[in-house]
Every structure is written in C-alpha cells, then in structure tokens.
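Note: the block below is start20.pdb and it holds PDB, C-alpha atoms.
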ATOM      1  CA  PHE A   1       0.597  58.485 158.384
ATOM      2  CA  ARG A   2      -1.526  60.178 155.783
ATOM      3  CA  TYR A   3      -4.988  61.665 155.575
ATOM      4  CA  LEU A   4      -7.474  61.190 152.752
ATOM      5  CA  THR A   5      -9.783  64.184 152.327
ATOM      6  CA  ALA A   6     -12.479  65.158 149.882
ATOM      7  CA  ILE A   7     -13.243  68.839 149.427
ATOM      8  CA  SER A   8     -16.392  69.528 147.417
ATOM      9  CA  CYS A   9     -15.997  72.356 144.938
ATOM     10  CA  LEU A  10     -19.024  71.913 142.695
ATOM     11  CA  PRO A  11     -22.199  69.813 142.967
ATOM     12  CA  LEU A  12     -21.520  66.165 142.161
ATOM     13  CA  PHE A  13     -17.829  66.898 141.785
ATOM     14  CA  ALA A  14     -15.037  66.368 144.284
ATOM     15  CA  ARG A  15     -11.253  66.472 144.350
ATOM     16  CA  PHE A  16      -9.363  63.943 146.403
ATOM     17  CA  HIS A  17      -5.962  64.626 147.910
ATOM     18  CA  ILE A  18      -3.418  62.488 149.741
ATOM     19  CA  LEU A  19      -1.918  64.811 152.340
ATOM     20  CA  GLU A  20       1.319  64.555 154.268
ATOM     21  CA  PRO A  21       1.170  64.961 158.083
ATOM     22  CA  GLU A  22       2.311  68.597 157.937
ATOM     23  CA  GLN A  23      -0.601  69.369 155.634
ATOM     24  CA  SER A  24      -3.213  67.692 157.810
ATOM     25  CA  THR A  25      -3.893  70.684 160.083
ATOM     26  CA  LYS A  26      -4.607  72.968 157.159
ATOM     27  CA  ALA A  27      -6.811  70.328 155.564
ATOM     28  CA  LYS A  28      -8.828  69.859 158.731
ATOM     29  CA  LYS A  29      -9.428  73.611 158.938
ATOM     30  CA  GLN A  30     -10.603  73.610 155.332
ATOM     31  CA  VAL A  31     -12.991  70.741 156.005
ATOM     32  CA  GLU A  32     -14.395  72.571 159.057
ATOM     33  CA  LYS A  33     -14.898  75.663 156.919
ATOM     34  CA  TRP A  34     -16.901  73.667 154.400
ATOM     35  CA  LYS A  35     -18.956  72.174 157.214
ATOM     36  CA  GLU A  36     -19.841  75.696 158.381
ATOM     37  CA  ILE A  37     -20.940  76.626 154.870
ATOM     38  CA  ILE A  38     -23.142  73.548 154.673
ATOM     39  CA  VAL A  39     -24.717  74.319 158.058
ATOM     40  CA  MET A  40     -25.378  77.921 157.030
ATOM     41  CA  ALA A  41     -27.323  76.670 153.985
ATOM     42  CA  THR A  42     -30.045  75.202 156.200
ATOM     43  CA  MET A  43     -32.569  76.685 158.593
ATOM     44  CA  LYS A  44     -35.137  75.583 161.121
ATOM     45  CA  ALA A  45     -38.798  75.606 160.108
ATOM     46  CA  ALA A  46     -42.189  74.220 161.090
ATOM     47  CA  VAL A  47     -42.972  72.186 157.987
ATOM     48  CA  MET A  48     -46.446  70.828 157.285
ATOM     49  CA  TYR A  49     -46.622  67.327 155.823
ATOM     50  CA  GLY A  50     -50.360  66.859 156.188
ATOM     51  CA  PRO A  51     -53.279  67.576 158.530
ATOM     52  CA  ASN A  52     -51.928  67.890 162.093
ATOM     53  CA  ASP A  53     -48.531  66.670 160.863
ATOM     54  CA  ILE A  54     -46.220  69.613 161.583
ATOM     55  CA  ARG A  55     -42.509  68.894 161.999
ATOM     56  CA  TYR A  56     -39.906  71.276 163.397
ATOM     57  CA  GLU A  57     -36.865  70.364 161.353
ATOM     58  CA  ASP A  58     -33.919  71.483 159.270
ATOM     59  CA  THR A  59     -34.841  72.556 155.773
ATOM     60  CA  GLU A  60     -33.080  74.321 152.929
ATOM     61  CA  LYS A  61     -32.449  78.008 153.484
ATOM     62  CA  PRO A  62     -33.757  80.090 150.552
ATOM     63  CA  VAL A  63     -31.252  81.594 148.158
ATOM     64  CA  CYS A  64     -31.263  85.368 147.897
ATOM     65  CA  PRO A  65     -32.886  86.528 144.618
ATOM     66  CA  GLN A  66     -30.762  88.739 142.396
ATOM     67  CA  ASP A  67     -33.406  91.465 142.593
ATOM     68  CA  GLY A  68     -34.696  90.674 146.074
ATOM     69  CA  LEU A  69     -33.647  90.021 149.623
ATOM     70  CA  ILE A  70     -33.523  87.509 152.453
ATOM     71  CA  LEU A  71     -35.536  88.456 155.519
ATOM     72  CA  LYS A  72     -34.508  86.981 158.865
ATOM     73  CA  ILE A  73     -37.816  86.414 160.621
ATOM     74  CA  MET A  74     -37.892  87.917 164.100
ATOM     75  CA  ALA A  75     -41.575  87.379 164.896
ATOM     76  CA  VAL A  76     -44.616  85.867 163.198
ATOM     77  CA  GLY A  77     -48.256  85.860 164.214
ATOM     78  CA  LEU A  78     -50.404  82.741 164.469
ATOM     79  CA  CYS A  79     -53.609  83.524 162.598
ATOM     80  CA  GLY A  80     -56.882  81.669 163.012
ATOM     81  CA  SER A  81     -56.566  80.678 159.362
ATOM     82  CA  ASP A  82     -53.166  79.122 160.125
ATOM     83  CA  ILE A  83     -54.736  76.861 162.742
ATOM     84  CA  ARG A  84     -57.495  75.889 160.311
ATOM     85  CA  ASN A  85     -54.994  75.225 157.533
ATOM     86  CA  LEU A  86     -52.593  73.244 159.726
ATOM     87  CA  THR A  87     -55.327  70.952 161.018
ATOM     88  CA  SER A  88     -56.989  70.200 157.673
ATOM     89  CA  ASP A  89     -55.941  69.046 154.211
ATOM     90  CA  SER A  90     -55.622  72.679 153.176
ATOM     91  CA  ARG A  91     -53.050  71.961 150.496
ATOM     92  CA  LYS A  92     -54.968  69.074 148.950
ATOM     93  CA  GLY A  93     -52.000  66.765 149.291
ATOM     94  CA  ASN A  94     -49.458  69.319 148.034
ATOM     95  CA  TYR A  95     -46.883  68.974 150.820
ATOM     96  CA  PRO A  96     -44.443  69.752 152.385
ATOM     97  CA  PHE A  97     -45.360  73.395 152.925
ATOM     98  CA  ILE A  98     -44.499  76.202 155.328
ATOM     99  CA  TYR A  99     -47.346  78.419 156.524
ATOM    100  CA  GLY A 100     -47.173  81.724 158.427
ATOM    101  CA  HIS A 101     -48.116  85.075 156.859
ATOM    102  CA  GLU A 102     -47.956  87.692 159.640
ATOM    103  CA  ILE A 103     -44.250  88.242 159.119
ATOM    104  CA  VAL A 104     -41.777  90.800 160.443
ATOM    105  CA  GLY A 105     -38.026  90.637 160.416
ATOM    106  CA  VAL A 106     -34.707  92.209 159.553
ATOM    107  CA  VAL A 107     -32.988  92.200 156.169
ATOM    108  CA  ASP A 108     -30.203  89.627 156.352
ATOM    109  CA  GLU A 109     -29.008  89.734 152.749
ATOM    110  CA  VAL A 110     -29.764  91.724 149.588
ATOM    111  CA  GLY A 111     -29.276  90.817 145.947
ATOM    112  CA  PRO A 112     -26.939  92.837 143.715
ATOM    113  CA  GLU A 113     -29.900  94.372 141.853
ATOM    114  CA  THR A 114     -31.712  95.490 145.028
ATOM    115  CA  THR A 115     -31.503  99.192 145.821
ATOM    116  CA  LYS A 116     -34.646  99.946 147.848
ATOM    117  CA  TYR A 117     -33.624  98.060 150.998
ATOM    118  CA  LYS A 118     -30.364  97.341 152.771
ATOM    119  CA  VAL A 119     -29.049  94.853 155.313
ATOM    120  CA  GLY A 120     -30.344  95.728 158.772
ATOM    121  CA  ASP A 121     -33.651  97.269 157.660
ATOM    122  CA  ARG A 122     -36.560  96.216 159.887
ATOM    123  CA  LEU A 123     -39.490  95.248 157.684
ATOM    124  CA  TYR A 124     -43.126  94.234 157.949
ATOM    125  CA  LEU A 125     -44.172  91.923 155.113
ATOM    126  CA  PHE A 126     -47.860  92.316 154.298
ATOM    127  CA  PRO A 127     -49.187  89.019 152.904
ATOM    128  CA  GLY A 128     -51.395  90.564 150.235
ATOM    129  CA  THR A 129     -50.009  91.673 146.868
ATOM    130  CA  TYR A 130     -52.123  93.608 144.363
ATOM    131  CA  CYS A 131     -51.451  94.965 140.880
ATOM    132  CA  MET A 132     -53.441  98.203 141.474
ATOM    133  CA  GLU A 133     -54.120  98.259 137.714
ATOM    134  CA  CYS A 134     -57.139  95.980 137.160
ATOM    135  CA  ASP A 135     -60.769  97.134 137.522
ATOM    136  CA  ASN A 136     -61.159  95.585 140.975
ATOM    137  CA  CYS A 137     -58.023  97.219 142.331
ATOM    138  CA  ILE A 138     -58.883 100.615 140.861
ATOM    139  CA  SER A 139     -62.429 100.462 142.259
ATOM    140  CA  GLY A 140     -61.142  99.833 145.778
ATOM    141  CA  HIS A 141     -61.532  96.056 145.836
ATOM    142  CA  SER A 142     -57.902  95.019 145.649
ATOM    143  CA  GLU A 143     -58.718  91.889 147.669
ATOM    144  CA  ASN A 144     -60.266  90.626 144.403
ATOM    145  CA  CYS A 145     -57.260  91.498 142.229
ATOM    146  CA  GLU A 146     -57.753  90.003 138.771
ATOM    147  CA  ASN A 147     -54.016  89.584 138.147
ATOM    148  CA  GLU A 148     -53.542  86.006 139.363
ATOM    149  CA  HIS A 149     -49.763  86.111 138.953
ATOM    150  CA  VAL A 150     -49.445  89.133 141.225
ATOM    151  CA  ALA A 151     -51.924  87.729 143.742
ATOM    152  CA  LYS A 152     -49.798  84.589 144.068
ATOM    153  CA  LEU A 153     -46.892  86.727 145.291
ATOM    154  CA  ALA A 154     -48.664  86.943 148.654
ATOM    155  CA  GLY A 155     -46.199  86.283 151.438
ATOM    156  CA  THR A 156     -46.262  83.006 153.331
ATOM    157  CA  GLY A 157     -43.567  80.810 154.822
ATOM    158  CA  GLY A 158     -43.223  82.725 158.069
ATOM    159  CA  PHE A 159     -42.898  79.678 160.330
ATOM    160  CA  ALA A 160     -39.192  79.529 159.533
ATOM    161  CA  GLN A 161     -35.987  81.386 160.276
ATOM    162  CA  TYR A 162     -35.659  83.020 156.857
ATOM    163  CA  ILE A 163     -37.799  83.898 153.872
ATOM    164  CA  ALA A 164     -36.886  85.087 150.375
ATOM    165  CA  VAL A 165     -38.578  88.213 149.018
ATOM    166  CA  GLY A 166     -38.402  88.543 145.251
ATOM    167  CA  GLY A 167     -38.105  91.650 143.126
ATOM    168  CA  GLU A 168     -41.724  91.479 141.971
ATOM    169  CA  LYS A 169     -42.991  91.573 145.541
ATOM    170  CA  ILE A 170     -40.801  94.611 146.140
ATOM    171  CA  LYS A 171     -42.100  96.210 142.932
ATOM    172  CA  TYR A 172     -45.806  95.780 143.717
ATOM    173  CA  GLY A 173     -45.442  96.757 147.358
ATOM    174  CA  GLY A 174     -46.818  95.524 150.623
ATOM    175  CA  ILE A 175     -43.474  95.874 152.404
ATOM    176  CA  TYR A 176     -43.162  98.491 155.134
ATOM    177  CA  ARG A 177     -40.349  99.685 157.350
ATOM    178  CA  ILE A 178     -40.967  99.225 161.069
ATOM    179  CA  PRO A 179     -40.578 102.514 162.985
ATOM    180  CA  GLU A 180     -37.901 102.713 165.635
ATOM    181  CA  GLY A 181     -39.187 101.857 169.087
ATOM    182  CA  ILE A 182     -41.756  99.348 167.821
ATOM    183  CA  LYS A 183     -41.007  95.813 168.936
ATOM    184  CA  TYR A 184     -41.099  92.992 166.388
ATOM    185  CA  GLU A 185     -43.835  91.203 168.320
ATOM    186  CA  ALA A 186     -46.059  94.296 168.204
ATOM    187  CA  ALA A 187     -45.324  94.867 164.514
ATOM    188  CA  SER A 188     -46.457  91.324 163.696
ATOM    189  CA  LEU A 189     -49.982  92.396 164.674
ATOM    190  CA  GLY A 190     -50.073  94.862 161.806
ATOM    191  CA  GLU A 191     -51.870  92.501 159.411
ATOM    192  CA  PRO A 192     -54.883  91.682 161.632
ATOM    193  CA  LEU A 193     -55.045  95.342 162.673
ATOM    194  CA  THR A 194     -55.416  96.407 159.028
ATOM    195  CA  SER A 195     -58.415  94.079 158.730
ATOM    196  CA  VAL A 196     -60.030  95.707 161.748
ATOM    197  CA  TYR A 197     -59.318  99.213 160.461
ATOM    198  CA  ALA A 198     -60.765  98.370 157.036
ATOM    199  CA  CYS A 199     -63.921  97.007 158.670
ATOM    200  CA  GLU A 200     -64.553 100.108 160.781
ATOM    201  CA  ASP A 201     -63.605 102.431 157.929
ATOM    202  CA  ASN A 202     -65.949 100.702 155.466
ATOM    203  CA  ILE A 203     -68.997 101.031 157.717
ATOM    204  CA  GLY A 204     -68.064 104.531 158.855
ATOM    205  CA  VAL A 205     -68.025 103.968 162.603
ATOM    206  CA  GLY A 206     -67.826 107.275 164.452
ATOM    207  CA  TYR A 207     -68.811 109.335 167.470
ATOM    208  CA  ASN A 208     -72.227 108.619 168.989
ATOM    209  CA  ASP A 209     -72.584 105.308 167.132
ATOM    210  CA  VAL A 210     -73.669 102.242 169.089
ATOM    211  CA  VAL A 211     -71.331  99.378 168.236
ATOM    212  CA  VAL A 212     -71.844  95.722 169.136
ATOM    213  CA  ILE A 213     -68.668  93.623 169.058
ATOM    214  CA  ILE A 214     -69.308  89.886 169.211
ATOM    215  CA  GLY A 215     -66.355  87.921 170.561
ATOM    216  CA  ALA A 216     -63.378  88.905 172.692
ATOM    217  CA  GLY A 217     -60.625  87.269 170.674
ATOM    218  CA  PRO A 218     -57.742  89.261 169.168
ATOM    219  CA  ILE A 219     -59.936  90.797 166.459
ATOM    220  CA  GLY A 220     -62.672  91.711 168.934
ATOM    221  CA  CYS A 221     -60.115  93.320 171.257
ATOM    222  CA  PHE A 222     -58.647  95.258 168.338
ATOM    223  CA  MET A 223     -62.133  96.426 167.411
ATOM    224  CA  THR A 224     -62.680  97.794 170.903
ATOM    225  CA  LYS A 225     -59.336  99.559 171.113
ATOM    226  CA  LEU A 226     -59.577 101.054 167.638
ATOM    227  CA  GLN A 227     -63.155 102.210 168.169
ATOM    228  CA  ASN A 228     -62.122 104.036 171.334
ATOM    229  CA  TYR A 229     -59.197 105.606 169.475
ATOM    230  CA  VAL A 230     -61.401 106.765 166.581
ATOM    231  CA  VAL A 231     -63.918 108.375 168.949
ATOM    232  CA  GLN A 232     -61.167 110.115 170.911
ATOM    233  CA  LYS A 233     -59.689 111.496 167.697
ATOM    234  CA  GLN A 234     -63.082 112.804 166.586
ATOM    235  CA  LEU A 235     -63.646 114.502 169.925
ATOM    236  CA  SER A 236     -60.224 116.145 170.059
TER     237      SER A 236
END
For the structure just supplied, provide its representation as structure tokens.
Amino acid sequence: FRYLTAISCLPLFARFHILEPEQSTKAKKQVEKWKEIIVMATMKAAVMYGPNDIRYEDTEKPVCPQDGLILKIMAVGLCGSDIRNLTSDSRKGNYPFIYGHEIVGVVDEVGPETTKYKVGDRLYLFPGTYCMECDNCISGHSENCENEHVAKLAGTGGFAQYIAVGGEKIKYGGIYRIPEGIKYEAASLGEPLTSVYACEDNIGVGYNDVVVIIGAGPIGCFMTKLQNYVVQKQLS
C-alpha cells in the first residue's frame, strides 16, 4: 500500500512522491506542517463589501515589510466615523476594505531593517501621518498636510487580527509606546482623547471659564473629565 503526496515548495509548483509504507508517517507529519503554515498565513477580519455588508471572515495576513513590523491588534475603538463609513458607500465601490483606525497592539514580527521597535513592544498607532515640512504642518495645521503621499500613510485596517506598519509610517511618526500598567482597551481611547485635548487647548479653556458641553457621548464625557483635570492642575 502506497501513499501519493504533494508537497508545495513554490507557488504553482509541486513535487509528487510515491512513498513506501515506512515513509508514510514522516510524510503525514510534513503535510501537517505545511497545513499549519497555510493556516498561519490567514487571519480573521471584519471585511466591508458594501454599505451594511460587513463579513467576519478569513483573509490574507499581511506580510511583514522589510523596514517595518507586524502589529498584533489587541484592542480597537469603534469611532462614529466608522459607523458612518460602514453603513454608507464610503469607498465609492472600492471594496473589499477593512476599517478601524483607533488601533493598539503588540509587535508580533519585525523586518530585518527595523531597529526602532522589537517583538513584544506595546504600541499605540495614531491614524494621522504628517510630513511636518510643508507650510500647513509648520504653521500648526498638520491636519491639512500638503504631502498627499504621507497623508495616505494614515493607519486603518484595525478591524482585524494583524496590521502591517511600513518603514515610512515609522519614519514620519505617530507611533507611541504604551506605558506599563495601561490596559490595551484604555490605550485605544488615545485618538479621540487627542481630539478633545486639541479642542480645549485651541480655545484656551481654563479656570473660571464657563463651558457648555452639548452631548454626553464619549467625546462629551472626555470633555468633562479633561476640563475638570485642567482646572485642578491650574489650581494646584
């Protein structure tokens, strides 16, 4: 009794072997090993195929960039813009697509040219990326960065198990280490909190000011907490 096996070695190329019974056990182990490799090359993700058409399915796991890293996503926030995008034709027919931009995780793999981060680092991935060289960036309006290529490096794809971070994103910044003792879920709120801080900082909210906060959603609650913190700091 013989076994016919095919062990893939390169894409679109296979070697076939006729194995004797005593070789069958080894061959089966080899086949199982290849199965594990194939499984490891996929990940779970919430993939958008159109308005209100979100499918939780297996998709291709990103390959680690030579000058970047693979981040294993541990928590991701659900922004109001995500809900709007997922329920409308936000991509103008350009699907499938993976949303999610309030991303935190742990470095799962690093490329051979990556020196700034290492496996095991806990990172917060800010979605915005700015060149900090154009007139808008220099004048304090980085949200209007004129460098379209850099702006397109903004992080998204957080509704998945893994995300690839390229060398350019690392170069231009927007990646921060999460302090010890801070849970991933709490760290994922960093992006909306920066929006709240920027708002209060821009209008110069301080002690003895009367502030009206309309709405008690996450942003409104952040506004209240941060305002109280700012006043306490000014009084101390």
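Distances here use only C-alpha atoms; by that measure, the residue among A:Gln66, A:Thr59, A:Asn85, A:Thr129 closest to Gly111 (chain A) is A:Gln66.
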If you measure from CA of Lys116 (chain A) to CA of Gly68 (chain A), what distance in Å do you get, rounded to one decimal?
-> 9.4 Å
Hey, which of A:Ile219, A:Val119, A:Leu193, A:Ala151 ends up closest to Met132 (chain A)? Count all atoms listed in the file.
->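 So, comparing all the options, the nearest one is A:Ala151.
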One decimal, Å: what's the distance from CA of Gly100 (chain A) over to CA of Asn202 (chain A), could you say?
->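 A separation of 26.9 Å between them.
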Test item: residues at most 7 Å from Leu123 (chain A), only C-alpha atoms, excluding those fewer than 3 positions along its chain, as an MDAnalysis selection string | chainID A and resid 104:106 175:178
Please dump the current selection as a PDB file, in the coordinates of the input; keep C-alpha atoms.
ATOM      1  CA  VAL A 104     -41.777  90.800 160.443  1.00  0.00           C
ATOM      2  CA  GLY A 105     -38.026  90.637 160.416  1.00  0.00           C
ATOM      3  CA  VAL A 106     -34.707  92.209 159.553  1.00  0.00           C
ATOM      4  CA  ILE A 175     -43.474  95.874 152.404  1.00  0.00           C
ATOM      5  CA  TYR A 176     -43.162  98.491 155.134  1.00  0.00           C
ATOM      6  CA  ARG A 177     -40.349  99.685 157.350  1.00  0.00           C
ATOM      7  CA  ILE A 178     -40.967  99.225 161.069  1.00  0.00           C
TER       8      ILE A 178
END
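Applied to the file shown here, the PyMOL selection byres ((chain A and resi 196-200) around 9) selects the residues A:Pro192, A:Leu193, A:Thr194, A:Ser195, A:Asp201, A:Asn202, A:Ile203, A:Gly204, A:Val205, A:Gly206, A:Ile219, A:Gly220, A:Phe222, A:Met223, A:Leu226, A:Gln227.
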Within 10 Å of Ala164 (chain A), counting all atoms listed in the file, which residues show up once you throw out same-chain ones fewer than 4 positions away? Write them as a PDB file with C-alpha atoms, in the coordinates of the input, please.
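The file below, out_39.pdb, is the result:
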ATOM      1  CA  LYS A  61     -32.449  78.008 153.484  1.00  0.00           C
ATOM      2  CA  PRO A  62     -33.757  80.090 150.552  1.00  0.00           C
ATOM      3  CA  VAL A  63     -31.252  81.594 148.158  1.00  0.00           C
ATOM      4  CA  CYS A  64     -31.263  85.368 147.897  1.00  0.00           C
ATOM      5  CA  PRO A  65     -32.886  86.528 144.618  1.00  0.00           C
ATOM      6  CA  GLY A  68     -34.696  90.674 146.074  1.00  0.00           C
ATOM      7  CA  LEU A  69     -33.647  90.021 149.623  1.00  0.00           C
ATOM      8  CA  ILE A  70     -33.523  87.509 152.453  1.00  0.00           C
ATOM      9  CA  LEU A  71     -35.536  88.456 155.519  1.00  0.00           C
ATOM     10  CA  LYS A  72     -34.508  86.981 158.865  1.00  0.00           C
ATOM     11  CA  VAL A 107     -32.988  92.200 156.169  1.00  0.00           C
ATOM     12  CA  GLU A 109     -29.008  89.734 152.749  1.00  0.00           C
ATOM     13  CA  VAL A 110     -29.764  91.724 149.588  1.00  0.00           C
ATOM     14  CA  GLY A 155     -46.199  86.283 151.438  1.00  0.00           C
ATOM     15  CA  GLY A 157     -43.567  80.810 154.822  1.00  0.00           C
TER      16      GLY A 157
END
Any idea what the distance is between CA of Gln30 (chain A) and CA of Tyr162 (chain A)?
->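 Between CA of Gln30 (chain A) and CA of Tyr162 (chain A) the gap works out to 26.8 Å.
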Check which residues satisfy the PyMOL selection byres ((chain A and resi 45) around 6) in the file shown, then give them as a ChimeraX atom specification.
-> /A:44,46-47,56-57,159-160
Listed atoms of region 81-89 of chain A boxed axis-aligned with 4 Å per side, centre + edges as JSON:
{"center_x": -55.0, "center_y": 74.9, "center_z": 158.5, "size_x": 12.9, "size_y": 19.6, "size_z": 16.5}
Using all atoms listed in the file, which of A:Ser81, A:Thr114, A:Thr42, A:Asn52 sits nearest Lys169 (chain A)?
->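 Ranking A:Ser81, A:Thr114, A:Thr42, A:Asn52 by distance to Lys169 (chain A), first place goes to A:Thr114.
Residue nearest Leu86 (chain A) within the list A:Met74, A:Arg55, A:Pro112, A:Gly181: A:Arg55 [criterion: smallest interatomic distance, all atoms listed in the file].
Counting all atoms listed in the file and comparing A:Glu133, A:Thr224, A:Asp121, A:Gly166, the residue that lies closest to Glu180 (chain A) is A:Asp121.
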Taking all atoms listed in the file into account, which of A:Asp89, A:Lys28, A:Gly128, A:Ala75 comes nearest Glu191 (chain A)?
-> A:Gly128
Surrounding residues of Cys134 (chain A) excluding itself and chain neighbours under 5 positions, 12 Å, only C-alpha atoms, as a list in words =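 In the requested format, the answer is Ser139, Gly140, His141, Ser142, Glu143, Asn144, Cys145, Glu146, Asn147, Glu148, Val150 and Ala151 of chain A.
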For the residues in the current selection, export C-alpha atoms as a short mmCIF file (atom, residue, chain, number, x, y, z; two decimals), in the frame of the given file.
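Written out: out01.cif:
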data_model
loop_
_atom_site.label_atom_id
_atom_site.label_comp_id
_atom_site.auth_asym_id
_atom_site.auth_seq_id
_atom_site.Cartn_x
_atom_site.Cartn_y
_atom_site.Cartn_z
CA SER A 139 -62.43 100.46 142.26
CA GLY A 140 -61.14 99.83 145.78
CA HIS A 141 -61.53 96.06 145.84
CA SER A 142 -57.90 95.02 145.65
CA GLU A 143 -58.72 91.89 147.67
CA ASN A 144 -60.27 90.63 144.40
CA CYS A 145 -57.26 91.50 142.23
CA GLU A 146 -57.75 90.00 138.77
CA ASN A 147 -54.02 89.58 138.15
CA GLU A 148 -53.54 86.01 139.36
CA VAL A 150 -49.44 89.13 141.22
CA ALA A 151 -51.92 87.73 143.74
#
Would you output region 173-198 of chain A from that structure, restricted to N, CA and C atoms, as a PDB file, in the first residue's frame?
ATOM      1  N   GLY A 173       6.412  59.045  12.031  1.00  0.00           N
ATOM      2  CA  GLY A 173       5.912  59.088  13.400  1.00  0.00           C
ATOM      3  C   GLY A 173       4.429  58.801  13.531  1.00  0.00           C
ATOM      4  N   GLY A 174       3.939  59.047  14.739  1.00  0.00           N
ATOM      5  CA  GLY A 174       2.548  58.722  15.019  1.00  0.00           C
ATOM      6  C   GLY A 174       2.411  57.339  15.627  1.00  0.00           C
ATOM      7  N   ILE A 175       3.523  56.804  16.129  1.00  0.00           N
ATOM      8  CA  ILE A 175       3.525  55.507  16.806  1.00  0.00           C
ATOM      9  C   ILE A 175       4.096  55.731  18.209  1.00  0.00           C
ATOM     10  N   TYR A 176       3.364  55.280  19.212  1.00  0.00           N
ATOM     11  CA  TYR A 176       3.777  55.566  20.592  1.00  0.00           C
ATOM     12  C   TYR A 176       3.745  54.292  21.431  1.00  0.00           C
ATOM     13  N   ARG A 177       4.728  54.178  22.307  1.00  0.00           N
ATOM     14  CA  ARG A 177       4.755  53.040  23.220  1.00  0.00           C
ATOM     15  C   ARG A 177       3.726  53.242  24.327  1.00  0.00           C
ATOM     16  N   ILE A 178       3.032  52.179  24.680  1.00  0.00           N
ATOM     17  CA  ILE A 178       2.019  52.235  25.729  1.00  0.00           C
ATOM     18  C   ILE A 178       2.711  52.009  27.070  1.00  0.00           C
ATOM     19  N   PRO A 179       2.541  52.927  28.020  1.00  0.00           N
ATOM     20  CA  PRO A 179       3.199  52.770  29.329  1.00  0.00           C
ATOM     21  C   PRO A 179       2.725  51.511  30.048  1.00  0.00           C
ATOM     22  N   GLU A 180       3.596  50.956  30.845  1.00  0.00           N
ATOM     23  CA  GLU A 180       3.233  49.791  31.642  1.00  0.00           C
ATOM     24  C   GLU A 180       2.086  50.151  32.588  1.00  0.00           C
ATOM     25  N   GLY A 181       1.179  49.221  32.768  1.00  0.00           N
ATOM     26  CA  GLY A 181       0.046  49.457  33.651  1.00  0.00           C
ATOM     27  C   GLY A 181      -1.184  49.993  32.949  1.00  0.00           C
ATOM     28  N   ILE A 182      -1.030  50.414  31.696  1.00  0.00           N
ATOM     29  CA  ILE A 182      -2.170  50.912  30.918  1.00  0.00           C
ATOM     30  C   ILE A 182      -2.737  49.763  30.095  1.00  0.00           C
ATOM     31  N   LYS A 183      -4.003  49.477  30.281  1.00  0.00           N
ATOM     32  CA  LYS A 183      -4.628  48.388  29.544  1.00  0.00           C
ATOM     33  C   LYS A 183      -4.806  48.774  28.078  1.00  0.00           C
ATOM     34  N   TYR A 184      -4.827  47.751  27.212  1.00  0.00           N
ATOM     35  CA  TYR A 184      -4.996  47.999  25.779  1.00  0.00           C
ATOM     36  C   TYR A 184      -6.307  48.726  25.496  1.00  0.00           C
ATOM     37  N   GLU A 185      -7.367  48.322  26.183  1.00  0.00           N
ATOM     38  CA  GLU A 185      -8.670  48.942  25.941  1.00  0.00           C
ATOM     39  C   GLU A 185      -8.639  50.441  26.251  1.00  0.00           C
ATOM     40  N   ALA A 186      -7.955  50.800  27.337  1.00  0.00           N
ATOM     41  CA  ALA A 186      -7.841  52.216  27.705  1.00  0.00           C
ATOM     42  C   ALA A 186      -6.976  52.963  26.692  1.00  0.00           C
ATOM     43  N   ALA A 187      -5.900  52.323  26.255  1.00  0.00           N
ATOM     44  CA  ALA A 187      -4.989  52.963  25.298  1.00  0.00           C
ATOM     45  C   ALA A 187      -5.672  53.241  23.962  1.00  0.00           C
ATOM     46  N   SER A 188      -6.660  52.420  23.617  1.00  0.00           N
ATOM     47  CA  SER A 188      -7.349  52.613  22.329  1.00  0.00           C
ATOM     48  C   SER A 188      -8.153  53.906  22.310  1.00  0.00           C
ATOM     49  N   LEU A 189      -8.378  54.503  23.478  1.00  0.00           N
ATOM     50  CA  LEU A 189      -9.102  55.769  23.553  1.00  0.00           C
ATOM     51  C   LEU A 189      -8.186  56.969  23.357  1.00  0.00           C
ATOM     52  N   GLY A 190      -6.925  56.712  23.103  1.00  0.00           N
ATOM     53  CA  GLY A 190      -5.967  57.798  22.940  1.00  0.00           C
ATOM     54  C   GLY A 190      -6.293  58.722  21.781  1.00  0.00           C
ATOM     55  N   GLU A 191      -6.760  58.173  20.669  1.00  0.00           N
ATOM     56  CA  GLU A 191      -7.037  59.006  19.486  1.00  0.00           C
ATOM     57  C   GLU A 191      -8.181  59.981  19.727  1.00  0.00           C
ATOM     58  N   PRO A 192      -9.356  59.540  20.200  1.00  0.00           N
ATOM     59  CA  PRO A 192     -10.414  60.522  20.475  1.00  0.00           C
ATOM     60  C   PRO A 192     -10.037  61.503  21.590  1.00  0.00           C
ATOM     61  N   LEU A 193      -9.211  61.051  22.534  1.00  0.00           N
ATOM     62  CA  LEU A 193      -8.795  61.951  23.612  1.00  0.00           C
ATOM     63  C   LEU A 193      -7.908  63.073  23.076  1.00  0.00           C
ATOM     64  N   THR A 194      -7.086  62.776  22.073  1.00  0.00           N
ATOM     65  CA  THR A 194      -6.246  63.837  21.490  1.00  0.00           C
ATOM     66  C   THR A 194      -7.106  64.895  20.811  1.00  0.00           C
ATOM     67  N   SER A 195      -8.219  64.473  20.223  1.00  0.00           N
ATOM     68  CA  SER A 195      -9.127  65.441  19.586  1.00  0.00           C
ATOM     69  C   SER A 195      -9.726  66.380  20.623  1.00  0.00           C
ATOM     70  N   VAL A 196     -10.114  65.815  21.758  1.00  0.00           N
ATOM     71  CA  VAL A 196     -10.681  66.609  22.841  1.00  0.00           C
ATOM     72  C   VAL A 196      -9.642  67.580  23.398  1.00  0.00           C
ATOM     73  N   TYR A 197      -8.431  67.092  23.614  1.00  0.00           N
ATOM     74  CA  TYR A 197      -7.369  67.936  24.153  1.00  0.00           C
ATOM     75  C   TYR A 197      -7.072  69.094  23.201  1.00  0.00           C
ATOM     76  N   ALA A 198      -6.997  68.783  21.891  1.00  0.00           N
ATOM     77  CA  ALA A 198      -6.713  69.827  20.908  1.00  0.00           C
ATOM     78  C   ALA A 198      -7.800  70.888  20.913  1.00  0.00           C
TER      79      ALA A 198
END
